[in-house]
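Heads up, the thing below is written out as C-alpha cells.
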Amino acid sequence: MRTGLPHSISSVTTAPTTAIFLHAFDLIELNGDDLRRDPLEVRKATLASIVAKASSGIRFNEHIEGDGPTVFAHACKLGLEGIVSKRKDSAYRSGRSADWLKMKNPACSAVKREAEEDWGR
C-alpha cells in the first residue's frame with residue numbers, strides 16, 4: 001500500500017503532546033470501487049467530502065491552480081521538499097507520466113540526504 005509518507009518516517013520519534021496529521025492528496029479506491037480512471041478533479045472532490053467528515057487528524061491537501069514556477073519558488077522559500085504538478089483532468093497512473101511532474105527543492109535537507117544516499121542503487 002502506498003501512503004506517500006517519506007521512508008524516514010519510521011525513524012521519527014515524537015513527544016506524546018505532538019500532533020501528527022495525515023495529509024490526503026488523492027483517492028484511488030473507495031469501498032472497493034477503483035477510481036483511478038476518474039479525472040483528478042473528481043477524485044479530489046470525492047476525497048474532500050470524505051475528509052470533511054473525518055477526524056481532526058486528517059487534512060485535505062488542496063489543489064492549487066496557478067503558475068507552476070511561482071508555486072515552486074514559494075514552496076522552496078517555505079523549506080518544503082518540493083511540489084507535484086498534476087493535470088486536473090488526468091487519470092491515475094502508477095509510475096512516471098507526462099501528466100504528473102515532480103519538482104524537488106535542492107536546498108531541502110531531505111532532498112540533499114536522498115542525493116547523498118543514492119536511493120536508486
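Lettering and numbering for the C-alpha cells are positional, with chains as A, B, ... in the shown order, residues counted from 1 in each chain, and ligands counted from 1 in the shown order.
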* For range 103-111 of chain A, work out the shell of residues within 8 Å, counting only C-alpha atoms and skipping chain neighbours fewer than 2 positions away, then give it as a count of residues only. => 12
* To do: May I have all residues of range 51-111 of chain A that DSSP, computed from the backbone, assigns to helix (DSSP H, G or I), given as a PyMOL selection string?
  => chain A and resi 51-52+68-77+109-111
List the neighbours of Ser90 in chain A out to 7 Å using only C-alpha atoms; skip same-chain residues closer than 5 positions along the sequence, and give me the result as a compact mmCIF listing (two decimals) with N, CA and C atoms, in the first residue's frame.
```
# COMPACT_ATOMS: atom_id res chain seq x y z
N PRO A 39 -11.05 11.50 -13.49
CA PRO A 39 -10.12 12.64 -13.51
C PRO A 39 -9.72 13.05 -12.09
N LEU A 40 -8.54 13.60 -11.95
CA LEU A 40 -8.04 14.03 -10.65
C LEU A 40 -9.03 14.95 -9.94
N ASP A 99 1.69 13.66 -17.42
CA ASP A 99 0.59 14.38 -16.76
C ASP A 99 0.94 14.81 -15.34
```
* Structure fact -> CA of Glu41 in chain A sits from CA of Pro69 in chain A at a separation of 21.2 Å
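If only C-alpha atoms are the atoms counted, then among A:Thr46, A:Thr18, A:Ser85, A:Ser97 the closest residue to Glu65 in chain A is A:Ser85.
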* For Lys88 in chain A, the nearest of the candidates A:His23, A:Arg37, A:Lys53, A:His63, counting only C-alpha atoms ->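 Once distances to Lys88 in chain A are computed over only C-alpha atoms, the minimum belongs to A:His63.
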* To do: May I ask for the distance between CA of Ala98 in chain A and CA of Lys86 in chain A, given in Å to one decimal place?
  =>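 Computing the Euclidean distance for CA of Ala98 in chain A and CA of Lys86 in chain A yields 8.9 Å.
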* To do: Please indicate the distance in Å from CA of Asp34 in chain A to CA of Arg59 in chain A, rounded to one decimal place.
  =>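 For CA of Asp34 in chain A relative to CA of Arg59 in chain A, the distance reads 22.1 Å.
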